[in-house]
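Structure data follow from structure_35.cif (mmCIF, C-alpha atoms and all ligand atoms):
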data_run
#
loop_
_atom_site.label_atom_id
_atom_site.label_comp_id
_atom_site.auth_asym_id
_atom_site.auth_seq_id
_atom_site.Cartn_x
_atom_site.Cartn_y
_atom_site.Cartn_z
CA MET A 3 -54.99 8.17 -38.56
CA LYS A 4 -54.45 11.44 -36.72
CA PRO A 5 -51.38 11.51 -34.47
CA GLY A 6 -53.53 12.54 -31.50
CA LEU A 7 -55.76 9.51 -31.90
CA VAL A 8 -52.76 7.18 -32.20
CA PHE A 9 -51.37 8.61 -28.97
CA LEU A 10 -54.69 8.09 -27.26
CA LEU A 11 -54.87 4.48 -28.44
CA VAL A 12 -51.32 3.77 -27.26
CA CYS A 13 -52.12 5.27 -23.88
CA LEU A 14 -55.26 3.22 -23.67
CA SER A 15 -53.51 -0.05 -24.45
CA VAL A 16 -50.70 0.73 -21.99
CA PHE A 17 -53.31 1.40 -19.37
CA LEU A 18 -55.06 -1.90 -20.16
CA LEU A 19 -51.82 -3.85 -20.00
CA GLU A 20 -50.94 -2.31 -16.68
CA PHE A 21 -54.38 -3.03 -15.39
CA VAL A 22 -54.11 -6.69 -16.35
CA GLU A 23 -50.64 -6.98 -14.81
CA CYS A 24 -51.89 -5.38 -11.64
CA GLN A 25 -54.76 -7.83 -11.43
CA LYS A 26 -52.34 -10.73 -11.88
CA ASP A 27 -50.21 -9.43 -9.04
CA GLU A 28 -53.15 -9.16 -6.79
CA LYS A 29 -54.13 -12.75 -7.60
CA VAL A 30 -50.65 -14.03 -6.79
CA THR A 31 -50.57 -12.23 -3.47
CA LYS A 32 -53.97 -13.58 -2.61
CA ASN A 33 -52.85 -17.11 -3.35
CA VAL A 34 -49.77 -16.69 -1.22
CA ALA A 35 -51.89 -15.44 1.61
CA LYS A 36 -54.22 -18.38 1.24
CA ASN A 37 -51.47 -20.98 1.13
CA LYS A 38 -49.55 -19.63 4.04
CA ARG A 39 -52.44 -18.83 6.29
CA GLN A 40 -51.32 -21.35 8.88
CA ASN A 41 -47.77 -20.07 9.10
CA VAL A 42 -47.31 -16.77 10.79
CA GLY A 43 -44.76 -15.47 8.34
CA LYS A 44 -43.60 -12.24 6.82
CA LYS A 45 -45.55 -12.86 3.67
CA VAL A 46 -48.81 -13.05 5.53
CA LYS A 47 -48.01 -9.84 7.29
CA ALA A 48 -47.20 -8.11 4.05
CA ALA A 49 -50.41 -9.32 2.52
CA THR A 50 -52.53 -8.22 5.43
CA THR A 51 -50.91 -4.81 5.57
CA LYS A 52 -51.64 -4.39 1.91
CA LYS A 53 -55.21 -5.36 2.42
CA THR A 54 -55.86 -2.77 5.10
CA LYS A 55 -54.20 -0.04 3.07
CA GLY A 56 -55.99 -0.91 -0.16
CA LYS A 57 -59.19 0.45 -1.51
CA PRO A 58 -62.35 -0.43 0.36
CA LYS A 59 -63.07 -4.09 -0.37
CA VAL A 60 -66.04 -4.95 -2.45
CA LYS A 61 -67.51 -8.00 -0.84
CA LYS A 62 -67.72 -10.36 -3.76
CA VAL A 63 -66.58 -13.93 -4.03
CA LYS A 64 -64.67 -14.25 -7.26
CA VAL A 65 -65.62 -17.44 -9.04
CA PRO A 66 -62.93 -18.23 -11.57
CA ALA A 67 -64.22 -18.76 -15.07
CA LYS A 68 -64.48 -22.39 -16.10
CA ILE A 69 -61.87 -23.44 -18.58
CA PHE A 70 -62.35 -26.62 -20.59
CA ILE A 71 -58.91 -28.15 -20.88
CA MET A 72 -59.62 -31.38 -22.78
CA THR A 73 -59.07 -32.02 -26.47
CA GLN A 74 -59.45 -35.14 -28.56
CA LEU A 75 -57.23 -36.24 -31.42
CA LEU A 76 -59.33 -36.52 -34.56
CA GLU A 77 -58.53 -38.76 -37.49
CA GLU A 78 -57.06 -35.92 -39.51
CA GLY A 79 -54.46 -35.40 -36.81
CA ARG A 80 -56.10 -32.33 -35.37
CA PHE A 81 -56.91 -31.86 -31.67
CA GLN A 82 -60.39 -30.56 -30.96
CA LYS A 83 -62.64 -30.12 -27.97
CA PRO A 84 -64.64 -33.38 -27.68
CA SER A 85 -68.41 -33.22 -27.50
CA ASP A 86 -70.36 -34.43 -24.48
CA THR A 87 -70.50 -37.90 -25.92
CA VAL A 88 -68.11 -39.44 -28.38
CA VAL A 89 -69.03 -42.56 -30.31
CA LEU A 90 -66.24 -44.81 -31.59
CA SER A 91 -66.26 -48.38 -32.83
CA ILE A 92 -64.43 -51.09 -30.95
CA GLY A 93 -60.84 -51.37 -32.09
CA GLU A 94 -60.57 -47.63 -32.70
CA ARG A 95 -58.00 -45.54 -30.91
CA LEU A 96 -58.95 -42.89 -28.36
CA VAL A 97 -56.49 -40.07 -27.70
CA LEU A 98 -57.39 -37.36 -25.20
CA ARG A 99 -55.21 -34.51 -24.07
CA CYS A 100 -55.59 -32.17 -21.14
CA LYS A 101 -53.73 -28.92 -20.94
CA GLY A 102 -51.78 -28.10 -17.78
CA LYS A 103 -48.58 -28.82 -15.90
CA HIS A 104 -50.15 -31.25 -13.44
CA ILE A 105 -53.16 -33.26 -14.53
CA SER A 106 -55.24 -35.96 -12.90
CA TRP A 107 -57.49 -38.35 -14.81
CA ALA A 108 -60.55 -40.45 -14.14
CA TYR A 109 -61.55 -43.21 -16.55
CA PRO A 110 -63.56 -46.44 -16.55
CA SER A 111 -62.34 -48.63 -13.70
CA TYR A 112 -61.82 -51.53 -16.05
CA LEU A 113 -58.80 -49.76 -17.58
CA ASP A 114 -57.09 -49.64 -14.20
CA GLU A 115 -56.55 -53.37 -14.33
CA GLU A 116 -55.66 -53.44 -17.99
CA ASP A 117 -52.07 -54.58 -18.41
CA GLY A 118 -52.00 -55.56 -22.06
CA GLY A 119 -50.44 -52.21 -22.88
CA ARG A 120 -53.62 -50.95 -24.51
CA PHE A 121 -53.94 -48.06 -22.12
CA SER A 122 -51.47 -45.34 -21.25
CA ILE A 123 -51.23 -41.91 -19.70
CA THR A 124 -48.20 -39.77 -20.48
CA HIS A 125 -47.45 -36.57 -18.64
CA ARG A 126 -45.64 -33.88 -20.60
CA LYS A 127 -44.52 -30.42 -19.65
CA ARG A 128 -47.66 -28.64 -20.76
CA HIS A 129 -50.21 -31.41 -21.13
CA SER A 130 -51.08 -34.95 -20.26
CA GLN A 131 -52.22 -37.50 -22.80
CA LEU A 132 -54.43 -40.53 -22.38
CA VAL A 133 -54.42 -43.22 -25.06
CA VAL A 134 -56.57 -46.32 -25.45
CA VAL A 135 -55.78 -48.59 -28.38
CA ASN A 136 -57.48 -51.78 -29.62
CA SER A 137 -60.51 -50.55 -27.69
CA THR A 138 -63.28 -52.84 -26.47
CA GLY A 139 -66.84 -52.25 -25.32
CA ALA A 140 -65.61 -52.38 -21.73
CA ASP A 141 -63.70 -49.13 -22.29
CA THR A 142 -67.05 -47.33 -22.58
CA GLY A 143 -67.56 -44.68 -19.94
CA GLU A 144 -66.70 -41.26 -18.65
CA TYR A 145 -63.21 -39.89 -19.20
CA SER A 146 -62.38 -36.77 -17.26
CA CYS A 147 -59.38 -34.74 -16.20
CA TRP A 148 -58.65 -31.79 -13.98
CA ALA A 149 -55.71 -29.50 -13.42
CA LEU A 150 -53.81 -29.55 -10.16
CA ASP A 151 -52.27 -26.53 -8.56
CA CYS A 152 -49.07 -27.79 -6.95
CA ASP A 153 -46.52 -26.23 -4.67
CA THR A 154 -43.48 -28.09 -3.40
CA GLU A 155 -45.46 -30.31 -1.05
CA THR A 156 -49.07 -30.64 -1.98
CA CYS A 157 -51.40 -30.43 -4.93
CA ARG A 158 -54.91 -29.16 -4.86
CA LYS A 159 -57.61 -29.54 -7.47
CA GLU A 160 -58.29 -26.50 -9.59
CA ASP A 161 -62.05 -26.74 -9.96
CA SER A 162 -62.16 -24.23 -12.76
CA LYS A 163 -59.93 -26.23 -15.11
CA THR A 164 -61.51 -29.51 -16.04
CA GLY A 165 -62.60 -31.51 -19.02
CA SER A 166 -64.73 -34.57 -19.57
CA THR A 167 -66.44 -36.61 -22.21
CA TYR A 168 -68.38 -39.85 -22.29
CA VAL A 169 -67.06 -42.31 -24.84
CA PHE A 170 -69.08 -45.18 -26.29
CA PHE A 171 -67.16 -47.96 -27.99
CA THR A 172 -69.91 -49.61 -29.99
CA ASP A 173 -69.63 -53.35 -30.16
CA PRO A 174 -71.94 -55.02 -32.70
CA ARG A 175 -72.00 -58.19 -30.58
CA GLU A 176 -72.13 -56.80 -27.03
CA LEU A 177 -74.75 -54.21 -26.24
CA PHE A 178 -73.87 -54.09 -22.54
CA VAL A 179 -70.57 -53.07 -21.05
CA PRO A 180 -69.36 -56.30 -19.45
CA ALA A 181 -69.77 -56.24 -15.67
CA ASN A 182 -67.64 -58.02 -13.10
CA ASP A 183 -70.47 -60.01 -11.64
CA TYR A 184 -73.38 -61.84 -13.09
CA TYR A 185 -75.45 -60.90 -10.07
CA GLU A 186 -75.12 -57.75 -8.04
CA ALA A 187 -76.80 -56.83 -4.76
CA VAL A 188 -77.85 -53.20 -4.59
CA GLN A 189 -79.24 -51.43 -1.55
CA LEU A 190 -82.44 -49.63 -2.32
CA ARG A 191 -81.92 -46.90 0.25
CA THR A 192 -84.69 -44.58 1.32
CA ASP A 193 -82.33 -41.63 1.79
CA ARG A 194 -81.01 -41.31 -1.75
CA PRO A 195 -81.62 -42.37 -5.35
CA THR A 196 -80.54 -45.83 -6.45
CA ARG A 197 -78.64 -46.34 -9.68
CA LEU A 198 -78.71 -49.46 -11.80
CA PRO A 199 -75.82 -48.85 -14.15
CA CYS A 200 -76.83 -51.17 -17.05
CA GLN A 201 -74.20 -49.44 -19.18
CA VAL A 202 -74.65 -49.86 -22.91
CA THR A 203 -71.93 -49.69 -25.53
CA ASN A 204 -74.21 -48.03 -28.05
CA PRO A 205 -76.17 -44.87 -27.28
CA LEU A 206 -78.78 -45.87 -29.87
CA ALA A 207 -79.70 -49.12 -28.13
CA LYS A 208 -83.20 -49.21 -26.66
CA VAL A 209 -83.03 -50.14 -22.99
CA SER A 210 -85.86 -51.36 -20.77
CA LEU A 211 -86.06 -52.45 -17.15
CA HIS A 212 -87.51 -55.83 -16.22
CA ARG A 213 -88.55 -57.66 -13.11
CA GLU A 214 -87.60 -61.32 -12.90
CA PHE A 215 -90.53 -62.50 -10.87
CA PRO A 216 -93.27 -62.03 -11.77
CA PRO A 217 -91.74 -61.41 -15.19
CA GLU A 218 -92.80 -57.95 -16.27
CA VAL A 219 -91.53 -54.70 -17.67
CA ILE A 220 -91.11 -52.01 -15.04
CA PRO A 221 -92.58 -48.79 -16.39
CA VAL A 222 -90.07 -45.97 -16.63
CA ASP A 223 -92.14 -42.87 -16.15
CA GLY A 224 -89.34 -40.33 -16.18
CA LYS A 225 -90.15 -39.23 -12.62
CA LEU A 226 -89.99 -42.12 -10.17
CA ILE A 227 -87.61 -43.98 -12.45
CA THR A 228 -85.55 -42.30 -15.14
CA PHE A 229 -83.14 -43.54 -17.77
CA ASP A 230 -80.01 -41.83 -18.98
CA VAL A 231 -77.82 -43.60 -21.50
CA LYS A 232 -74.69 -42.51 -19.60
CA LYS A 233 -75.90 -43.29 -16.08
CA GLY A 234 -78.38 -46.11 -16.50
CA PHE A 235 -81.66 -46.35 -14.59
CA ILE A 236 -82.15 -44.20 -11.53
CA ILE A 237 -84.83 -45.05 -9.01
CA HIS A 238 -85.51 -41.71 -7.37
CA LYS A 239 -87.68 -42.89 -4.55
CA ALA A 240 -87.07 -46.24 -2.89
CA LEU A 241 -90.33 -48.09 -2.38
CA PRO A 242 -90.55 -51.56 -0.85
CA LEU A 243 -92.40 -52.78 -3.95
CA PHE A 244 -89.25 -52.30 -6.08
CA ALA A 245 -87.35 -54.85 -4.01
CA GLY A 246 -86.40 -58.07 -5.77
CA THR A 247 -84.40 -59.10 -8.81
CA VAL A 248 -84.38 -56.84 -11.84
CA TYR A 249 -82.32 -56.62 -15.02
CA CYS A 250 -82.08 -54.48 -18.13
CA VAL A 251 -82.72 -55.49 -21.72
CA ALA A 252 -81.07 -53.68 -24.61
CA SER A 253 -82.02 -54.02 -28.23
CA TYR A 254 -80.44 -52.64 -31.35
CA GLN A 255 -80.78 -53.69 -34.97
CA GLY A 256 -82.31 -57.06 -34.28
CA LEU A 257 -79.97 -57.89 -31.42
CA MET A 258 -81.48 -58.22 -27.94
CA GLN A 259 -79.46 -58.84 -24.78
CA SER A 260 -79.93 -58.91 -21.02
CA SER A 261 -77.69 -57.22 -18.49
CA THR A 262 -76.31 -58.32 -15.16
CA LYS A 263 -79.05 -59.02 -12.64
CA TYR A 264 -79.51 -56.65 -9.75
CA LEU A 265 -80.91 -57.83 -6.47
CA LEU A 266 -82.58 -54.77 -4.97
CA ILE A 267 -82.65 -54.85 -1.19
CA PHE A 268 -84.99 -52.36 0.37
CA THR A 269 -83.23 -50.59 3.22
CA ASN A 270 -84.94 -48.06 5.40
CA TYR A 271 -82.17 -45.58 5.84
CA PRO A 272 -82.16 -42.78 8.37
CA SER A 273 -81.51 -39.30 7.05
CA ALA A 274 -79.04 -38.52 9.83
CA PRO A 275 -77.21 -40.08 12.77
CA PRO A 276 -79.42 -40.38 15.86
CA SER A 277 -79.69 -37.43 18.16
CA ALA A 278 -79.46 -38.79 21.68
CA LYS A 279 -80.13 -37.40 25.14
CA ILE A 280 -78.83 -38.82 28.37
CA THR A 281 -80.18 -38.36 31.89
CA ALA A 282 -79.33 -40.00 35.19
CA SER A 283 -82.08 -40.68 37.67
CA SER A 284 -79.94 -38.65 40.02
CA SER A 285 -76.58 -36.96 39.57
CA SER A 286 -75.44 -37.95 43.03
CA VAL A 287 -76.50 -41.00 44.99
CA PRO A 288 -75.38 -42.44 48.32
CA VAL A 289 -73.44 -45.72 48.35
CA GLY A 290 -75.84 -48.62 48.34
CA ALA A 291 -78.65 -46.86 46.51
CA ASN A 292 -79.99 -47.99 43.14
CA PHE A 293 -79.82 -45.64 40.24
CA ASN A 294 -80.23 -45.68 36.48
CA VAL A 295 -79.07 -43.75 33.45
CA THR A 296 -81.39 -43.31 30.46
CA CYS A 297 -80.29 -42.74 26.86
CA LYS A 298 -83.11 -41.59 24.57
CA VAL A 299 -83.36 -41.12 20.85
CA LEU A 300 -86.35 -39.49 19.27
CA GLY A 301 -86.19 -40.17 15.55
CA GLU A 302 -87.71 -41.47 12.35
CA ILE A 303 -90.12 -44.35 12.45
CA ASP A 304 -88.84 -47.86 11.55
CA ILE A 305 -85.22 -46.91 12.04
CA GLU A 306 -83.19 -49.26 14.16
CA VAL A 307 -81.03 -47.63 16.84
CA ASP A 308 -78.27 -49.57 18.62
CA PHE A 309 -77.11 -48.52 22.05
CA THR A 310 -73.79 -49.29 23.69
CA TRP A 311 -72.59 -48.11 27.07
CA GLU A 312 -69.31 -47.18 28.65
CA PHE A 313 -69.24 -46.64 32.39
CA PRO A 314 -66.83 -46.60 35.34
CA GLY A 315 -67.57 -50.05 36.78
CA GLU A 316 -67.21 -51.73 33.39
CA GLN A 317 -63.58 -52.84 33.73
CA LEU A 318 -64.16 -53.99 37.28
CA GLY A 319 -66.74 -56.43 36.06
CA ARG A 320 -69.78 -54.72 37.46
CA PRO A 321 -72.74 -56.54 35.96
CA THR A 322 -74.75 -54.50 33.50
CA TYR A 323 -78.45 -54.48 33.22
CA THR A 324 -79.90 -52.58 30.37
CA ARG A 325 -83.50 -52.34 29.42
CA GLU A 326 -84.22 -51.31 25.88
CA SER A 327 -87.51 -50.26 24.41
CA GLN A 328 -89.08 -48.70 21.38
CA GLU A 329 -92.37 -46.96 21.04
CA SER A 330 -94.17 -44.74 18.61
CA VAL A 331 -95.05 -41.32 19.85
CA TYR A 332 -97.18 -38.65 18.27
CA MET A 333 -95.42 -35.30 18.30
CA ASP A 334 -96.01 -32.05 16.45
CA GLY A 335 -98.44 -33.75 14.10
CA GLN A 336 -96.00 -36.54 13.23
CA ILE A 337 -95.48 -40.10 14.28
CA ARG A 338 -91.99 -40.50 15.64
CA GLN A 339 -90.11 -43.30 17.26
CA LEU A 340 -88.77 -43.11 20.76
CA SER A 341 -85.95 -45.59 21.30
CA GLN A 342 -84.32 -45.82 24.67
CA SER A 343 -81.85 -47.79 26.68
CA VAL A 344 -81.77 -47.65 30.48
CA LEU A 345 -78.61 -48.74 32.29
CA LEU A 346 -79.56 -49.97 35.75
CA VAL A 347 -77.07 -49.95 38.58
CA ASP A 348 -77.96 -51.93 41.67
CA GLU A 349 -76.60 -50.81 45.01
CA GLY A 350 -74.15 -48.19 43.88
CA ARG A 351 -70.54 -48.62 44.98
CA PRO A 352 -67.62 -46.18 44.97
CA VAL A 353 -66.41 -47.80 41.67
CA ASP A 354 -69.62 -46.68 40.03
CA ASP A 355 -68.70 -43.06 40.49
CA GLY A 356 -67.83 -41.29 37.24
CA LEU A 357 -68.77 -40.73 33.65
CA TYR A 358 -71.58 -42.67 31.97
CA LYS A 359 -71.33 -42.67 28.21
CA CYS A 360 -74.01 -43.81 25.80
CA VAL A 361 -73.30 -44.41 22.10
CA ALA A 362 -76.41 -44.42 19.92
CA GLN A 363 -75.91 -45.68 16.41
CA ASN A 364 -77.98 -46.08 13.28
CA LEU A 365 -76.98 -46.83 9.68
CA GLN A 366 -76.04 -43.22 9.12
CA GLY A 367 -73.64 -42.82 12.04
CA LYS A 368 -73.35 -42.53 15.77
CA THR A 369 -73.70 -39.99 18.55
CA THR A 370 -72.09 -40.12 21.95
CA VAL A 371 -73.62 -38.46 24.97
CA SER A 372 -72.46 -38.63 28.56
CA THR A 373 -73.31 -37.60 32.09
CA HIS A 374 -71.64 -37.74 35.50
CA VAL A 375 -72.94 -39.68 38.47
CA ASN A 376 -71.37 -39.09 41.87
CA VAL A 377 -71.59 -41.95 44.29
CA LEU A 378 -71.27 -40.36 47.71
CA PRO A 379 -69.39 -42.34 50.35
CA HIS A 380 -71.11 -43.22 53.60
CA THR A 381 -70.89 -40.52 56.16
CA SER A 382 -69.82 -42.24 59.36
CA PRO A 383 -72.52 -42.29 62.04
CA GLY A 384 -70.35 -40.18 64.34
CA GLN A 385 -70.43 -37.21 61.98
CA THR A 386 -74.16 -36.93 61.74
C1 LIG B 401 -53.54 -54.09 -31.17
O1 LIG B 401 -54.02 -54.94 -32.17
C2 LIG B 401 -53.07 -55.23 -33.18
C3 LIG B 401 -53.73 -56.02 -34.27
O2 LIG B 401 -54.51 -57.09 -33.74
C4 LIG B 401 -51.89 -55.97 -32.57
O3 LIG B 401 -50.92 -56.26 -33.52
C5 LIG B 401 -51.30 -55.12 -31.47
O4 LIG B 401 -50.27 -55.82 -30.79
C6 LIG B 401 -52.35 -54.69 -30.47
N1 LIG B 401 -51.78 -53.75 -29.53
C7 LIG B 401 -51.92 -53.81 -28.21
C8 LIG B 401 -51.20 -52.82 -27.41
O5 LIG B 401 -52.63 -54.64 -27.67
C1 LIG B 402 -84.87 -45.19 37.23
O1 LIG B 402 -84.81 -44.53 38.49
C2 LIG B 402 -85.97 -43.75 38.75
C3 LIG B 402 -85.71 -42.99 40.08
O2 LIG B 402 -85.22 -43.84 41.05
C4 LIG B 402 -87.19 -44.64 38.86
O3 LIG B 402 -88.33 -43.86 39.09
C5 LIG B 402 -87.33 -45.38 37.54
O4 LIG B 402 -88.39 -46.31 37.62
C6 LIG B 402 -86.05 -46.12 37.17
N1 LIG B 402 -86.19 -46.67 35.87
C7 LIG B 402 -86.12 -47.96 35.62
C8 LIG B 402 -86.28 -48.37 34.20
O5 LIG B 402 -85.91 -48.77 36.50
#
What's the structure tokens form of this structure?
Ligand SMILES: *[C@@H]1O[C@H](CO)[C@@H](O)[C@H](O)[C@H]1NC(C)=O
Ligand SMILES: *[C@@H]1O[C@H](CO)[C@@H](O)[C@H](O)[C@H]1NC(C)=O
Amino acid sequence: MKPGLVFLLVCLSVFLLEFVECQKDEKVTKNVAKNKRQNVGKKVKAATTKKTKGKPKVKKVKVPAKIFIMTQLLEEGRFQKPSDTVVLSIGERLVLRCKGKHISWAYPSYLDEEDGGRFSITHRKRHSQLVVVNSTGADTGEYSCWALDCDTETCRKEDSKTGSTYVFFTDPRELFVPANDYYEAVQLRTDRPTRLPCQVTNPLAKVSLHREFPPEVIPVDGKLITFDVKKGFIIHKALPLFAGTVYCVASYQGLMQSSTKYLLIFTNYPSAPPSAKITASSSSVPVGANFNVTCKVLGEIDIEVDFTWEFPGEQLGRPTYTRESQESVYMDGQIRQLSQSVLLVDEGRPVDDGLYKCVAQNLQGKTTVSTHVNVLPHTSPGQT
């Protein structure tokens, strides 16, 4: 090689090294600034000064590259990145490692209660290791880990450094992962998909969905209902006709078994907490006059709304009269439901003066609205 070229290459690599170092520095400063944002400290000042002096900022959110940190111990004693799904036989050992100083794990809930010493997690300086020995079908499930970025006080999940795999422990006698209950009630909610886990221990098992009464196979069309060997059946749209008792049947090599039964309860679920409006018949009334406060919710049809009231005379034992009603209204080309509660106050007294609060609640949450009512004292006859 010509000396000139060598020199050029050296220069180039020095430049690259410097560039990388510089980028690292910048990252560190950024992190410091982020962590200390709440404290008005010198470091923040330094960071902000640097920012203003620096080159014009390119507005770009830097998404850190995803790093897969999980490896699995293979029989030969080698660690290798596990595939999406790992299939082991019951009794076999599972060893997973995740790289990083601070690691958190998620694993089948059944292992949490395991105290026979079959399951362990060991944290080392540079990795954490999860071991399951004498495995059973119940150990089947998702195993995942993620790195934590810790300072002296708190740790925060590093979303870019994770790893996960789904492990099947095939049991020739048990096609389903044992469940805690023989019968499980599941809400068939209108606002989100419903999952029937029906977890199998063998990914090759054929699984179908059945209704108990009338006994029939529920067609799985891949749209309304889908099946995924890791997740089970998903009902994507809750329809009242799906309500009732269902179960799964798995078959593999001449063996056929039924799962836990699921009692599907159709629940019309609102998509959001109610949005309420409150109005008083008058914001100021003379003592002795009747008045009322109305709380109104205009929302989805067939959604129950509960109203509760808080008002000044409450503690003093003022009797409450509320009148509740529901009606369908046609608005903007849609049928909607108007639910309302009217709090009636007979012969207003000085104790009724103050804030009237209405809490409207549905299955998704509650909203509080309030309004003031002034009860004006009698003006003595002499003054008028
Ligand atoms: C695993 O199984 C072997 C053989 O049955 C037994 O000797 C051993 O104690 C078991 N280990 C644990 C931790 O259960
Ligand atoms: C509430 O008060 C207004 C004004 O006094 C009255 O028109 C209305 O009928 C009252 N509402 C109820 C439900 O009593």
Could you list, with a cut-off of 10 Å and counting all atoms listed in the file, the residues of chain A near ligand LIG 401 (chain B), each shown with its nearest atom pair and the distance in Å rounded to one decimal, rows sorted by chain and ascending number, as CSV?
residue,atom,partner,partner_atom,distance
A:Gly93,CA,B:LIG401,O1,7.7
A:Glu94,CA,B:LIG401,C1,9.7
A:Arg95,CA,B:LIG401,C1,9.6
A:Asp117,CA,B:LIG401,C8,9.2
A:Gly118,CA,B:LIG401,O5,5.7
A:Gly119,CA,B:LIG401,C8,4.6
A:Arg120,CA,B:LIG401,C8,4.2
A:Phe121,CA,B:LIG401,C8,7.6
A:Ser122,CA,B:LIG401,C8,9.7
A:Val134,CA,B:LIG401,C8,8.7
A:Val135,CA,B:LIG401,C8,6.3
A:Asn136,CA,B:LIG401,C1,4.8
A:Ser137,CA,B:LIG401,C1,8.6
If you take all atoms listed in the file and a cut-off of 8 Å, which residues of chain A touch ligand LIG 402 (chain B), and what are their nearest atom pairs and distances in Å to one decimal, in chain and number order, as a tab-separated table?
residue	atom	partner	partner_atom	distance
A:Ala282	CA	B:LIG402	O1	7.8
A:Ser283	CA	B:LIG402	O1	4.8
A:Ser284	CA	B:LIG402	C3	7.2
A:Asn292	CA	B:LIG402	O2	7.0
A:Phe293	CA	B:LIG402	O1	5.4
A:Asn294	CA	B:LIG402	C1	4.7
A:Val295	CA	B:LIG402	C1	7.1
A:Thr296	CA	B:LIG402	C1	7.8
A:Arg325	CA	B:LIG402	C8	6.8
A:Val344	CA	B:LIG402	C8	5.9
A:Leu345	CA	B:LIG402	C8	7.9
A:Leu346	CA	B:LIG402	O5	6.5
Checklist entry - From the set A:Thr156, A:Asn376, A:Gln363, A:Thr138, which residue has the shortest atom-to-atom contact distance to Ala274 (chain A), counting only C-alpha atoms? => result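 Ranking A:Thr156, A:Asn376, A:Gln363, A:Thr138 by distance to Ala274 (chain A), first place goes to A:Gln363.
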Checklist entry - Could you state the separation of CA of Pro174 (chain A) and CA of Thr87 (chain A) in Å, given to one decimal place? => result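 Those two atoms sit 18.5 Å apart.
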Checklist entry - Counting all atoms listed in the file, which residues come within 12 Å of (-59.0, -38.9, -11.5), with the point read in the file's coordinates, and could you list them as a PyMOL selection string? => result chain A and resi 104-111+114+123+132+144-150+159+164-166
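Note that the spacing between CA of Ile237 (chain A) and CA of Thr142 (chain A) amounts to 22.5 Å.
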Checklist entry - Of the residues A:Glu326, A:Glu306, A:Glu160, A:Glu116, which is the one nearest to Gly102 (chain A), using only C-alpha atoms? => result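 For Gly102 (chain A), the nearest of the candidates is A:Glu160.
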Write out as a short mmCIF file (atom, residue, chain, number, x, y, z; two decimals) with C-alpha atoms, in the coordinates of the input each polymer residue whose atoms come within 12 Å of Glu218 (chain A), counting all atoms listed in the file; drop sequence neighbours fewer than 2 positions from it.
data_model
loop_
_atom_site.label_atom_id
_atom_site.label_comp_id
_atom_site.auth_asym_id
_atom_site.auth_seq_id
_atom_site.Cartn_x
_atom_site.Cartn_y
_atom_site.Cartn_z
CA SER A 210 -85.86 -51.36 -20.77
CA LEU A 211 -86.06 -52.45 -17.15
CA HIS A 212 -87.51 -55.83 -16.22
CA ARG A 213 -88.55 -57.66 -13.11
CA GLU A 214 -87.60 -61.32 -12.90
CA PHE A 215 -90.53 -62.50 -10.87
CA PRO A 216 -93.27 -62.03 -11.77
CA ILE A 220 -91.11 -52.01 -15.04
CA PRO A 221 -92.58 -48.79 -16.39
CA THR A 247 -84.40 -59.10 -8.81
CA VAL A 248 -84.38 -56.84 -11.84
CA TYR A 249 -82.32 -56.62 -15.02
CA CYS A 250 -82.08 -54.48 -18.13
CA VAL A 251 -82.72 -55.49 -21.72
#
Checklist entry - Using all atoms listed in the file, which residue out of A:Thr369, A:Ala245, A:Ile305, A:Thr322 lies closest to Lys279 (chain A)? => result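 Looking only at the distances to Lys279 (chain A), the closest residue turns out to be A:Thr369.
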Item to check | Exercise: Gly315 (chain A) partners within 9 Å, only C-alpha atoms, chain neighbours under 2 positions left out, as an MDAnalysis selection string | outcome: chainID A and resid 312:313 317:321 351 353:356
For the residues selected in the previous step, produce a file with C-alpha atoms as an mmCIF file, in the coordinates of the input.
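In the end it all went to result.cif:
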data_model
loop_
_atom_site.group_PDB
_atom_site.id
_atom_site.type_symbol
_atom_site.label_atom_id
_atom_site.label_comp_id
_atom_site.auth_asym_id
_atom_site.auth_seq_id
_atom_site.Cartn_x
_atom_site.Cartn_y
_atom_site.Cartn_z
ATOM 1 C CA GLU A 312 -69.310 -47.180 28.650
ATOM 2 C CA PHE A 313 -69.240 -46.640 32.390
ATOM 3 C CA GLN A 317 -63.580 -52.840 33.730
ATOM 4 C CA LEU A 318 -64.160 -53.990 37.280
ATOM 5 C CA GLY A 319 -66.740 -56.430 36.060
ATOM 6 C CA ARG A 320 -69.780 -54.720 37.460
ATOM 7 C CA PRO A 321 -72.740 -56.540 35.960
ATOM 8 C CA ARG A 351 -70.540 -48.620 44.980
ATOM 9 C CA VAL A 353 -66.410 -47.800 41.670
ATOM 10 C CA ASP A 354 -69.620 -46.680 40.030
ATOM 11 C CA ASP A 355 -68.700 -43.060 40.490
ATOM 12 C CA GLY A 356 -67.830 -41.290 37.240
#
Do you have, as a Markdown table, the list of residues of region 258-352 of chain A lying at most 9 Å from region 198-201 of chain A, each with its nearest atom pair and that distance in Å to one decimal, counting all atoms listed in the file and ordered by chain then number?
| residue | atom | partner | partner_atom | distance |
| --- | --- | --- | --- | --- |
| A:Ser261 | CA | A:Cys200 | CA | 6.3 |
| A:Thr262 | CA | A:Cys200 | CA | 7.4 |
| A:Tyr264 | CA | A:Leu198 | CA | 7.5 |
